[in-house]
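So this one's protein_5.cif, mmCIF, C-alpha atoms and all ligand atoms:
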data_structure
loop_
_atom_site.label_atom_id
_atom_site.label_comp_id
_atom_site.auth_asym_id
_atom_site.auth_seq_id
_atom_site.Cartn_x
_atom_site.Cartn_y
_atom_site.Cartn_z
CA MET A 284 -5.21 59.39 131.21
CA HIS A 285 -6.43 62.84 130.22
CA GLU A 286 -9.26 62.46 127.72
CA LYS A 287 -10.03 65.48 125.59
CA ARG A 288 -13.34 65.82 123.76
CA ILE A 289 -14.43 68.50 121.37
CA PRO A 290 -17.05 70.59 123.18
CA ALA A 291 -20.07 70.99 120.89
CA LEU A 292 -20.06 74.76 121.21
CA SER A 293 -16.40 75.31 120.44
CA ARG A 294 -16.62 72.90 117.52
CA ARG A 295 -19.56 74.86 116.15
CA GLN A 296 -17.62 78.06 116.49
CA PHE A 297 -14.55 76.50 114.92
CA LEU A 298 -16.34 74.98 111.94
CA GLN A 299 -18.66 77.15 109.93
CA VAL A 300 -20.54 75.17 107.30
CA ALA A 301 -20.72 76.77 103.88
CA GLY A 302 -23.93 75.39 102.38
CA GLY A 303 -26.30 76.51 99.63
CA THR A 304 -25.33 77.83 96.27
CA ALA A 305 -23.58 80.99 95.29
CA VAL A 306 -22.54 81.93 91.80
CA ALA A 307 -20.44 84.92 90.93
CA LEU A 308 -18.32 85.56 87.86
CA SER A 309 -14.63 85.34 88.61
CA LEU A 310 -11.91 87.50 87.10
CA PRO A 311 -8.34 86.19 87.24
CA GLY A 312 -6.04 88.49 89.19
CA VAL A 313 -8.91 90.39 90.83
CA LEU A 314 -9.58 87.38 93.03
CA THR A 315 -5.92 87.04 93.96
CA ALA A 316 -5.88 90.56 95.36
CA CYS A 317 -9.08 89.87 97.34
CA ARG A 318 -7.72 86.73 98.94
CA ARG A 319 -4.44 88.12 100.24
CA GLN A 320 -4.85 88.24 103.98
CA GLU A 321 -1.77 89.65 105.70
CA ALA A 322 -3.15 89.95 109.22
CA GLY A 323 -6.14 88.89 111.32
CA PRO A 324 -7.93 85.52 111.20
CA LEU A 325 -6.88 83.24 108.38
CA LYS A 326 -9.81 81.59 106.59
CA ILE A 327 -9.20 78.21 104.94
CA GLY A 328 -11.82 76.60 102.67
CA VAL A 329 -12.32 72.86 103.24
CA LEU A 330 -14.06 71.03 100.36
CA LEU A 331 -14.92 67.47 101.40
CA PRO A 332 -17.65 64.84 101.00
CA TYR A 333 -19.77 64.72 104.16
CA SER A 334 -22.39 62.59 102.41
CA GLY A 335 -22.29 59.65 99.98
CA ILE A 336 -19.87 56.70 99.78
CA TYR A 337 -16.82 58.79 100.79
CA ALA A 338 -18.47 60.58 103.77
CA VAL A 339 -16.30 58.83 106.37
CA LEU A 340 -13.18 59.91 104.48
CA GLY A 341 -14.30 63.53 104.67
CA GLU A 342 -15.00 63.27 108.39
CA SER A 343 -11.62 61.67 109.14
CA ILE A 344 -9.68 64.25 107.12
CA THR A 345 -11.52 67.06 108.94
CA GLN A 346 -10.83 65.57 112.37
CA GLY A 347 -7.14 65.01 111.55
CA MET A 348 -6.83 68.69 110.63
CA GLN A 349 -8.75 69.81 113.71
CA LEU A 350 -6.51 67.71 115.94
CA TYR A 351 -3.33 69.32 114.58
CA PHE A 352 -4.64 72.90 114.76
CA ASP A 353 -6.18 72.31 118.19
CA ALA A 354 -2.70 71.42 119.53
CA LEU A 355 -1.52 74.85 118.26
CA GLY A 356 -4.39 76.66 119.99
CA ASN A 357 -5.95 77.12 116.51
CA GLU A 358 -3.28 79.67 115.66
CA VAL A 359 -0.54 79.51 113.00
CA ALA A 360 2.23 82.09 112.45
CA GLY A 361 0.47 84.34 114.95
CA ARG A 362 -2.88 84.20 113.13
CA PRO A 363 -6.09 82.50 114.31
CA ILE A 364 -7.18 79.74 111.92
CA GLU A 365 -10.79 79.44 110.77
CA LEU A 366 -11.79 76.35 108.78
CA ILE A 367 -14.87 76.82 106.60
CA THR A 368 -16.16 73.44 105.47
CA ALA A 369 -18.41 72.66 102.50
CA ASP A 370 -19.95 69.34 101.44
CA THR A 371 -18.95 68.47 97.85
CA GLU A 372 -20.75 65.09 97.95
CA ILE A 373 -18.98 63.25 95.07
CA ASN A 374 -20.33 65.69 92.56
CA PRO A 375 -18.14 68.06 90.50
CA ASP A 376 -21.09 70.42 89.84
CA VAL A 377 -21.87 70.76 93.54
CA ALA A 378 -18.15 71.25 94.22
CA GLN A 379 -18.04 74.08 91.62
CA GLN A 380 -20.78 75.95 93.46
CA LYS A 381 -19.10 75.41 96.82
CA VAL A 382 -15.62 76.53 95.71
CA ARG A 383 -17.06 79.74 94.24
CA ARG A 384 -18.82 80.50 97.47
CA LEU A 385 -15.72 79.83 99.57
CA VAL A 386 -13.41 81.91 97.39
CA GLU A 387 -15.67 84.69 96.17
CA GLN A 388 -17.97 85.24 99.15
CA ASP A 389 -16.12 83.89 102.19
CA GLU A 390 -12.79 85.09 100.73
CA VAL A 391 -10.76 82.15 102.00
CA ALA A 392 -6.98 82.46 101.61
CA PHE A 393 -6.70 79.03 99.98
CA VAL A 394 -8.55 75.73 99.72
CA THR A 395 -7.92 72.19 100.97
CA GLY A 396 -9.77 68.86 101.00
CA ILE A 397 -11.18 67.11 97.87
CA VAL A 398 -11.52 63.33 98.03
CA SER A 399 -12.63 62.24 94.56
CA SER A 400 -10.38 62.52 91.51
CA GLY A 401 -13.49 63.35 89.48
CA VAL A 402 -14.18 66.37 91.70
CA LEU A 403 -10.54 67.52 91.46
CA ALA A 404 -10.71 67.28 87.65
CA GLY A 405 -13.88 69.40 87.69
CA LEU A 406 -12.21 72.14 89.79
CA ARG A 407 -8.78 72.14 88.16
CA ASP A 408 -9.44 75.00 85.73
CA TYR A 409 -11.10 77.12 88.42
CA PHE A 410 -7.98 76.86 90.61
CA HIS A 411 -5.68 77.48 87.65
CA ASP A 412 -7.56 80.36 86.00
CA ASN A 413 -8.23 82.17 89.27
CA GLN A 414 -4.82 81.46 90.84
CA VAL A 415 -6.34 79.82 93.90
CA LEU A 416 -4.03 77.48 95.81
CA CYS A 417 -5.48 74.02 96.49
CA LEU A 418 -3.70 71.74 98.98
CA CYS A 419 -5.46 68.52 98.04
CA SER A 420 -5.70 66.14 101.00
CA ASN A 421 -6.90 63.03 99.17
CA ALA A 422 -7.86 62.90 95.45
CA GLY A 423 -4.87 61.18 93.84
CA SER A 424 -5.53 61.55 90.10
CA ASN A 425 -2.25 61.04 88.27
CA ALA A 426 -3.03 63.69 85.64
CA HIS A 427 -2.74 66.50 88.19
CA SER A 428 0.91 65.63 88.81
CA ARG A 429 1.45 65.23 85.06
CA ALA A 430 -0.32 66.57 81.91
CA ALA A 431 -2.93 68.54 83.88
CA LYS A 432 -0.43 69.87 86.43
CA THR A 433 -0.84 73.50 87.54
CA PRO A 434 1.23 75.41 90.12
CA TYR A 435 -2.01 75.90 92.07
CA ILE A 436 -2.70 72.22 92.94
CA TRP A 437 -0.39 70.37 95.35
CA ARG A 438 -1.16 67.02 96.97
CA THR A 439 -0.46 66.44 100.68
CA SER A 440 -1.83 62.89 100.31
CA PHE A 441 -0.53 60.64 97.48
CA THR A 442 -1.03 60.03 93.78
CA ASN A 443 -3.09 57.11 92.51
CA TRP A 444 0.00 55.75 90.77
CA MET A 445 1.69 54.84 94.06
CA ALA A 446 -0.26 51.99 95.72
CA PRO A 447 -0.99 49.99 92.53
CA HIS A 448 2.57 50.49 91.28
CA ALA A 449 3.94 49.02 94.51
CA MET A 450 1.40 46.18 94.54
CA GLY A 451 2.01 45.24 90.88
CA THR A 452 5.61 44.37 91.59
CA TRP A 453 4.95 42.85 95.01
CA ALA A 454 2.03 40.68 93.85
CA ALA A 455 3.96 39.29 90.87
CA GLU A 456 6.79 38.33 93.20
CA ASN A 457 4.71 37.07 96.13
CA VAL A 458 1.16 36.14 95.08
CA GLY A 459 0.73 35.02 91.46
CA ARG A 460 1.35 35.72 87.79
CA THR A 461 -2.15 36.22 86.33
CA ALA A 462 -4.47 38.92 87.65
CA VAL A 463 -7.92 40.39 87.17
CA ILE A 464 -8.43 44.04 88.11
CA SER A 465 -11.70 45.35 89.56
CA VAL A 466 -12.25 49.12 89.93
CA PRO A 467 -15.04 51.69 90.04
CA ASP A 468 -15.61 53.30 86.66
CA TYR A 469 -14.05 56.75 87.15
CA ALA A 470 -10.66 58.47 86.97
CA ALA A 471 -9.14 56.96 90.15
CA GLY A 472 -10.17 53.45 89.06
CA GLU A 473 -8.57 54.01 85.65
CA ASN A 474 -5.34 55.26 87.29
CA ASN A 475 -5.22 52.01 89.28
CA VAL A 476 -5.70 49.91 86.12
CA THR A 477 -2.87 51.66 84.28
CA SER A 478 -0.41 51.69 87.16
CA PHE A 479 -0.97 48.10 88.37
CA THR A 480 -0.85 46.75 84.80
CA HIS A 481 2.44 48.54 84.14
CA SER A 482 4.40 47.24 87.13
CA PHE A 483 2.74 43.78 87.24
CA THR A 484 3.59 43.22 83.57
CA ALA A 485 7.13 44.56 84.02
CA ALA A 486 7.60 41.99 86.85
CA GLY A 487 6.48 39.11 84.59
CA GLY A 488 2.73 39.05 85.31
CA GLU A 489 -0.23 39.20 82.94
CA VAL A 490 -3.52 41.08 83.49
CA VAL A 491 -6.16 38.81 81.94
CA ALA A 492 -9.26 40.99 82.48
CA VAL A 493 -10.41 44.36 83.85
CA GLN A 494 -13.79 44.79 85.56
CA ARG A 495 -15.27 48.29 85.81
CA THR A 496 -18.19 48.68 88.24
CA PRO A 497 -20.68 51.60 88.38
CA PHE A 498 -19.51 54.67 90.37
CA PRO A 499 -20.32 55.96 92.93
CA ASN A 500 -22.79 53.18 93.75
CA MET A 501 -21.92 49.67 92.63
CA GLY A 502 -25.47 48.37 93.11
CA ASP A 503 -25.86 44.60 93.48
CA PRO A 504 -22.33 43.13 93.64
CA ALA A 505 -23.46 39.57 92.75
CA PRO A 506 -22.89 39.74 88.95
CA PHE A 507 -19.42 41.19 89.50
CA MET A 508 -18.50 38.38 91.90
CA ALA A 509 -19.71 35.76 89.42
CA GLU A 510 -17.58 37.38 86.72
CA LEU A 511 -14.47 37.32 88.94
CA ALA A 512 -15.01 33.67 89.89
CA ALA A 513 -15.15 32.68 86.22
CA THR A 514 -11.80 34.21 85.22
CA GLY A 515 -9.54 31.55 86.72
CA ALA A 516 -6.88 34.19 87.54
CA GLU A 517 -4.32 33.60 90.28
CA LEU A 518 -5.19 36.86 92.07
CA ILE A 519 -7.52 39.86 92.05
CA TYR A 520 -6.29 43.45 92.36
CA ALA A 521 -9.03 45.88 93.45
CA PHE A 522 -9.31 49.60 94.22
CA TYR A 523 -12.34 50.58 96.32
CA SER A 524 -12.74 52.96 99.26
CA GLY A 525 -15.36 54.01 101.80
CA SER A 526 -18.66 52.13 101.75
CA ALA A 527 -17.88 50.69 98.29
CA ALA A 528 -14.92 48.86 99.91
CA VAL A 529 -17.27 47.38 102.52
CA THR A 530 -19.68 46.18 99.82
CA PHE A 531 -16.93 44.68 97.66
CA VAL A 532 -14.94 42.89 100.40
CA LYS A 533 -18.05 41.47 102.10
CA ALA A 534 -19.46 40.22 98.80
CA TYR A 535 -16.07 38.67 97.90
CA HIS A 536 -16.16 36.74 101.16
CA ASP A 537 -19.87 35.82 101.02
CA PHE A 538 -19.49 34.39 97.51
CA GLY A 539 -16.65 32.16 98.76
CA LEU A 540 -14.07 33.88 96.57
CA GLY A 541 -11.74 34.49 99.53
CA GLN A 542 -11.10 30.72 99.66
CA GLN A 543 -10.42 30.53 95.90
CA ILE A 544 -8.48 33.61 94.72
CA PRO A 545 -6.24 35.85 96.89
CA LEU A 546 -7.56 39.42 97.05
CA THR A 547 -5.00 42.25 96.82
CA GLY A 548 -5.55 45.98 96.48
CA ALA A 549 -4.67 49.59 97.16
CA GLY A 550 -4.77 49.83 100.97
CA PHE A 551 -7.97 51.90 101.06
CA ILE A 552 -9.92 48.67 100.42
CA VAL A 553 -9.20 47.40 103.97
CA GLU A 554 -8.31 50.63 105.80
CA GLU A 555 -9.22 51.29 109.43
CA ASP A 556 -12.37 53.23 108.39
CA VAL A 557 -13.90 50.06 106.90
CA LEU A 558 -12.19 47.15 108.73
CA PRO A 559 -14.62 46.99 111.71
CA GLU A 560 -17.60 46.65 109.36
CA GLN A 561 -15.85 44.16 107.07
CA GLY A 562 -14.78 41.98 110.00
CA GLU A 563 -13.50 38.50 109.14
CA ALA A 564 -14.29 39.08 105.44
CA ALA A 565 -11.16 41.27 105.32
CA GLN A 566 -8.82 38.80 106.99
CA GLY A 567 -5.92 37.85 104.71
CA VAL A 568 -6.44 40.69 102.21
CA LYS A 569 -3.03 41.99 101.10
CA SER A 570 -2.63 45.66 100.25
CA THR A 571 -0.09 48.40 99.71
CA LEU A 572 -0.32 51.84 101.32
CA PHE A 573 1.87 54.58 102.83
CA TRP A 574 0.62 54.04 106.41
CA SER A 575 -0.70 51.36 108.74
CA TYR A 576 -2.28 51.65 112.17
CA VAL A 577 0.48 49.40 113.53
CA LEU A 578 3.35 51.34 111.93
CA ASP A 579 5.99 51.60 114.64
CA ASN A 580 7.38 55.13 114.94
CA PRO A 581 7.10 57.77 117.72
CA GLN A 582 4.97 60.16 115.60
CA ASN A 583 2.42 57.45 114.84
CA ALA A 584 2.23 56.34 118.47
CA GLN A 585 1.57 59.93 119.62
CA PHE A 586 -0.86 60.60 116.76
CA LYS A 587 -2.97 57.50 117.49
CA THR A 588 -3.19 58.34 121.19
CA ASP A 589 -4.08 61.98 120.55
CA PHE A 590 -6.59 61.17 117.80
CA HIS A 591 -8.39 58.69 120.03
CA ALA A 592 -8.52 61.18 122.88
CA PHE A 593 -9.85 63.86 120.51
CA THR A 594 -12.51 61.76 118.72
CA ASN A 595 -13.04 58.67 120.87
CA ARG A 596 -12.29 56.40 117.89
CA ASP A 597 -9.24 54.85 116.21
CA ALA A 598 -7.30 56.77 113.57
CA ASP A 599 -7.30 55.79 109.90
CA VAL A 600 -5.17 56.82 106.92
CA PHE A 601 -7.53 59.69 106.03
CA ALA A 602 -7.06 61.17 109.49
CA VAL A 603 -3.30 60.97 108.89
CA GLN A 604 -3.78 62.84 105.61
CA GLY A 605 -5.78 65.59 107.34
CA TYR A 606 -3.17 65.83 110.09
CA ASP A 607 -0.32 66.05 107.56
CA THR A 608 -2.23 68.63 105.52
CA ALA A 609 -2.49 70.83 108.61
CA ARG A 610 1.23 70.32 109.23
CA VAL A 611 2.01 71.42 105.65
CA ILE A 612 -0.20 74.50 106.15
CA ASP A 613 1.64 75.26 109.40
CA GLU A 614 5.10 74.90 107.78
CA MET A 615 4.03 76.91 104.71
CA LEU A 616 2.65 79.82 106.75
CA GLN A 617 5.64 79.89 109.04
CA ARG A 618 7.85 80.25 105.96
CA THR A 619 5.72 83.17 104.66
CA GLU A 620 5.37 84.60 108.19
CA GLY A 621 1.59 84.42 107.84
CA ASP A 622 1.36 86.21 104.48
CA THR A 623 -1.04 84.48 102.06
CA ALA A 624 0.04 85.98 98.72
CA VAL A 625 -0.37 82.97 96.44
CA ASP A 626 3.11 83.15 94.86
CA GLN A 627 4.70 83.18 98.30
CA LEU A 628 2.60 80.24 99.47
CA ILE A 629 3.59 78.18 96.43
CA ALA A 630 7.28 79.01 96.81
CA ALA A 631 7.09 77.98 100.47
CA LEU A 632 5.79 74.49 99.65
CA ASP A 633 8.87 73.32 97.80
CA GLY A 634 10.75 70.75 99.87
CA ILE A 635 8.66 70.85 103.06
CA THR A 636 9.99 67.86 105.02
CA PHE A 637 8.96 66.37 108.37
CA ASP A 638 8.46 63.13 110.28
CA SER A 639 4.82 62.17 109.79
CA PRO A 640 2.87 59.31 111.40
CA ARG A 641 3.34 57.70 107.95
CA GLY A 642 7.18 57.95 108.29
CA PRO A 643 9.44 60.45 106.48
CA PHE A 644 7.40 62.98 104.42
CA ARG A 645 8.84 65.30 101.76
CA LEU A 646 6.86 67.48 99.36
CA ASP A 647 8.32 66.89 95.91
CA ALA A 648 8.25 70.03 93.73
CA HIS A 649 8.29 68.06 90.43
CA SER A 650 5.16 65.98 91.06
CA GLN A 651 3.71 68.46 93.60
CA ALA A 652 2.95 65.44 95.80
CA PRO A 653 4.67 63.71 98.73
CA GLU A 654 7.56 61.32 98.68
CA HIS A 655 6.92 58.72 101.39
CA ASN A 656 7.39 55.01 102.12
CA MET A 657 5.09 52.29 100.84
CA TYR A 658 4.23 49.28 102.97
CA ALA A 659 2.99 45.80 101.98
CA ARG A 660 0.27 44.87 104.49
CA ASP A 661 -1.85 41.86 105.47
CA VAL A 662 -5.08 41.96 107.52
CA GLN A 663 -4.52 39.87 110.65
CA PRO A 664 -5.84 39.93 114.24
CA VAL A 665 -3.61 41.91 116.62
CA ASP A 666 -4.63 41.64 120.28
CA GLY A 667 -8.13 40.60 119.18
CA THR A 668 -8.59 43.45 116.64
CA LEU A 669 -8.10 43.17 112.88
CA ARG A 670 -5.22 45.39 111.74
CA ASN A 671 -3.04 45.79 108.64
CA VAL A 672 0.12 44.07 109.79
CA ILE A 673 3.20 45.25 107.89
CA LEU A 674 4.81 42.47 105.85
CA GLU A 675 7.48 44.65 104.26
CA ASN A 676 8.63 48.27 104.10
CA LEU A 677 8.96 48.77 100.33
CA GLY A 678 10.89 52.02 100.80
CA PRO A 679 10.36 55.58 99.51
CA ILE A 680 8.23 56.28 96.45
CA VAL A 681 7.68 59.47 94.46
CA ASP A 682 5.41 59.97 91.43
CA PRO A 683 7.49 60.09 88.20
CA GLY A 684 5.61 63.23 87.12
CA ASP A 685 4.91 61.73 83.67
CA ASP A 686 3.27 58.61 82.20
CA SER A 687 6.53 56.70 81.62
CA MET A 688 5.85 54.19 84.44
CA GLY A 689 2.11 53.75 84.16
C1 LIG B 1 -9.64 59.27 94.35
O1 LIG B 1 -10.75 59.52 93.83
O2 LIG B 1 -8.57 59.66 93.86
C2 LIG B 1 -9.62 58.44 95.61
C3 LIG B 1 -10.78 58.28 96.35
C4 LIG B 1 -10.74 57.51 97.49
C5 LIG B 1 -9.55 56.96 97.95
C6 LIG B 1 -8.39 57.15 97.21
C7 LIG B 1 -8.43 57.89 96.04
#

Could you show the structure in this file as structure tokens?
Amino acid sequence: MHEKRIPALSRRQFLQVAGGTAVALSLPGVLTACRRQEAGPLKIGVLLPYSGIYAVLGESITQGMQLYFDALGNEVAGRPIELITADTEINPDVAQQKVRRLVEQDEVAFVTGIVSSGVLAGLRDYFHDNQVLCLCSNAGSNAHSRAAKTPYIWRTSFTNWMAPHAMGTWAAENVGRTAVISVPDYAAGENNVTSFTHSFTAAGGEVVAVQRTPFPNMGDPAPFMAELAATGAELIYAFYSGSAAVTFVKAYHDFGLGQQIPLTGAGFIVEEDVLPEQGEAAQGVKSTLFWSYVLDNPQNAQFKTDFHAFTNRDADVFAVQGYDTARVIDEMLQRTEGDTAVDQLIAALDGITFDSPRGPFRLDAHSQAPEHNMYARDVQPVDGTLRNVILENLGPIVDPGDDSMG
């Protein structure tokens, strides 16, 4: 088998890290004219966490994008692609400095990335006021497909309504009728509380308590585990990702809770980025997500093989999101024939449809986020490796675009 690795030199050339701080006053309209790049290399700003609890997410999204563009010879619509990355940590103030540098100094055509909903909230007005297109490849905050929607922010990932909405119904029907929710205390956690509560209650369940843990760092998980054990609920629903998911799932197991109360969650809690470190502590955790490593379709099979050859590690859902983001960029620029005038880019996004490793993918113009399938999953050993085995394909889901369903 041909194994392709990223040569250090070409990777360095391909990725230019935008560090440090740069502050310049921005004038709406003036910036738009500066960013329009009709010919020559096309610069794309990539705002991701490369440090902190979501660092692995940032790395996977980057590698997924690199993989897709690499297969195109790093050229889209006849124009060489240059990704300029910047570390946002999980800090809206740092992200503000980095976006200004990317847009106002590096003059990127548009921006992608952003993992934390808190960071997206902090940048929303910058994108809107300065008419900068952001193709968000993770942060799922519901508000940005609803009350805080702007034509300049589109999600290529998901909204935070999706996984808990699907799990609320599925858990009430398959796991139990009383639940405790545990989430980190920030916007994405709150979205999970609202969405899970809405569909779980509608399916006949009752949420008896909500636990909010410090974000980004939970600290000692012991008091939170003791609190969960004391509730007597029939199940726990949790939203955690990155290293916080490792901390939570391991503590849940170490405190013996896995034997007492079934753990369910948004799929990030036991995704491929954290499963190897969680080990047997994750076994039996049920989750809902729009992808699984074992999802059986030709695009996923090819993607997993290519990603492993490119990075020498297994793919995870964040790599899929990076890969799909690059695909959306490719489709968008083909439609504009490489022109990056922001109005043209936005018009080109409406209805982009393709077969993704996650299954059918369609960009929905109402919610400015994808329509895709949701899957109910269970962590089980597959050929000696823990994977999220698919229990059920729950079918296509699209954000309602308002708060009517949680
Ligand atoms: C969010 O902040 O929206 C988020 C972060 C990690 C995984 C999923 C969602």

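Minimum atom-to-atom distance to ligand LIG 1 (chain B), evaluated using only C-alpha atoms and all ligand atoms, belongs to A:Gly341 out of A:Pro506, A:Pro679, A:Gly356, A:Gly341.
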
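When only C-alpha atoms are used to compute distances to A:Arg362, the closest of the residues A:Gly401, A:Gly323, A:Pro375, A:Pro653 turns out to be A:Gly323.
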
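Residues of protein, DNA or RNA lying at most 6 Å from ligand LIG 1 (chain B), when all atoms listed in the file are considered, are Val398, Ser399, Ser400, Ala422, Gly423, Ser424, Ala471 and Ser524 of chain A.
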
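Between A:Ile635 and the candidates A:Thr439, A:Thr480, A:Thr433, A:Asn595, the tightest atom-to-atom separation, counting only C-alpha atoms, involves A:Thr439.
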
### Task
Give the answer as one residue: which of A:Thr345, A:Gln414, A:Ser482, A:Asn475 has the shortest atom-to-atom distance to A:Asp626, using only C-alpha atoms?
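Closest to A:Asp626 of all the choices is A:Gln414.
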
### Message
Report as a list in words all protein, DNA and RNA residues lying within 10 Å of A:Thr530, evaluated on only C-alpha atoms, omitting residues in the same chain fewer than 2 positions from it.
### Response
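Non-adjacent residues within range: Asn500, Met501, Gly502, Asp503, Pro504, Tyr523, Ser524, Gly525, Ser526, Ala527, Ala528, Val532, Lys533, Ala534, Tyr535, Val557, Glu560 and Gln561 of chain A.
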
### Query
At what distance in Å, to one decimal, does atom CA of A:Val402 lie from atom CA of A:His649?
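Those two atoms sit 22.6 Å apart.
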
## Note on the structure
A straight line from atom CA of A:Gly642 to atom CA of A:Met450 spans 19.0 Å

### Exercise: residues within 8 Å of coordinate (-16.0, 42.9, 87.8), counting all atoms listed in the file, as a PyMOL selection string
chain A and resi 464-466+493-496+506-508+510-511

Residues just named, written with C-alpha atoms as a CSV table (one decimal), in the coordinates of the input:
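Here's the written file part-v2.csv:
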chain,number,residue,atom,x,y,z
A,464,ILE,CA,-8.4,44.0,88.1
A,465,SER,CA,-11.7,45.4,89.6
A,466,VAL,CA,-12.2,49.1,89.9
A,493,VAL,CA,-10.4,44.4,83.8
A,494,GLN,CA,-13.8,44.8,85.6
A,495,ARG,CA,-15.3,48.3,85.8
A,496,THR,CA,-18.2,48.7,88.2
A,506,PRO,CA,-22.9,39.7,89.0
A,507,PHE,CA,-19.4,41.2,89.5
A,508,MET,CA,-18.5,38.4,91.9
A,510,GLU,CA,-17.6,37.4,86.7
A,511,LEU,CA,-14.5,37.3,88.9

### Task
Counting all atoms listed in the file, select every polymer residue within 8 Å of (-5.0, 70.5, 103.1) as defined in the file's coordinates, and provide the selection as a list in words.
Val329, Met348, Val394, Thr395, Gly396, Cys417, Leu418, Cys419, Ser420, Thr439, Gly605, Asp607, Thr608, Ala609, Val611 and Ile612 of chain A

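Using only C-alpha atoms, the shortest contact distance between A:Arg645 and any of A:Ile673, A:Met657, A:Pro467, A:Asp633 is found at A:Asp633.
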
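Distances to A:Ser478 were evaluated for A:Arg429, A:Val625, A:Ile436, A:Gly689 using only C-alpha atoms, and the minimum falls at A:Gly689.
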
### Straight-line distance linking atom CA of A:Tyr469 with atom CA of A:Thr452, stated in Å to one decimal
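About the pair atom CA of A:Tyr469 and atom CA of A:Thr452: they are 23.7 Å apart.
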
Which polymer residues have any atom within 7 Å of an atom of stretch 572-583 of chain A, counting only C-alpha atoms, with same-chain residues fewer than 4 positions away left out, as a tab-separated table (two decimals) with C-alpha atoms, keeping the file's coordinate frame?
chain	number	residue	atom	x	y	z
A	446	ALA	CA	-0.26	51.99	95.72
A	549	ALA	CA	-4.67	49.59	97.16
A	550	GLY	CA	-4.77	49.83	100.97
A	587	LYS	CA	-2.97	57.50	117.49
A	599	ASP	CA	-7.30	55.79	109.90
A	600	VAL	CA	-5.17	56.82	106.92
A	639	SER	CA	4.82	62.17	109.79
A	640	PRO	CA	2.87	59.31	111.40
A	641	ARG	CA	3.34	57.70	107.95
A	655	HIS	CA	6.92	58.72	101.39
A	656	ASN	CA	7.39	55.01	102.12
A	657	MET	CA	5.09	52.29	100.84
A	658	TYR	CA	4.23	49.28	102.97
A	659	ALA	CA	2.99	45.80	101.98
A	670	ARG	CA	-5.22	45.39	111.74
A	671	ASN	CA	-3.04	45.79	108.64
A	672	VAL	CA	0.12	44.07	109.79
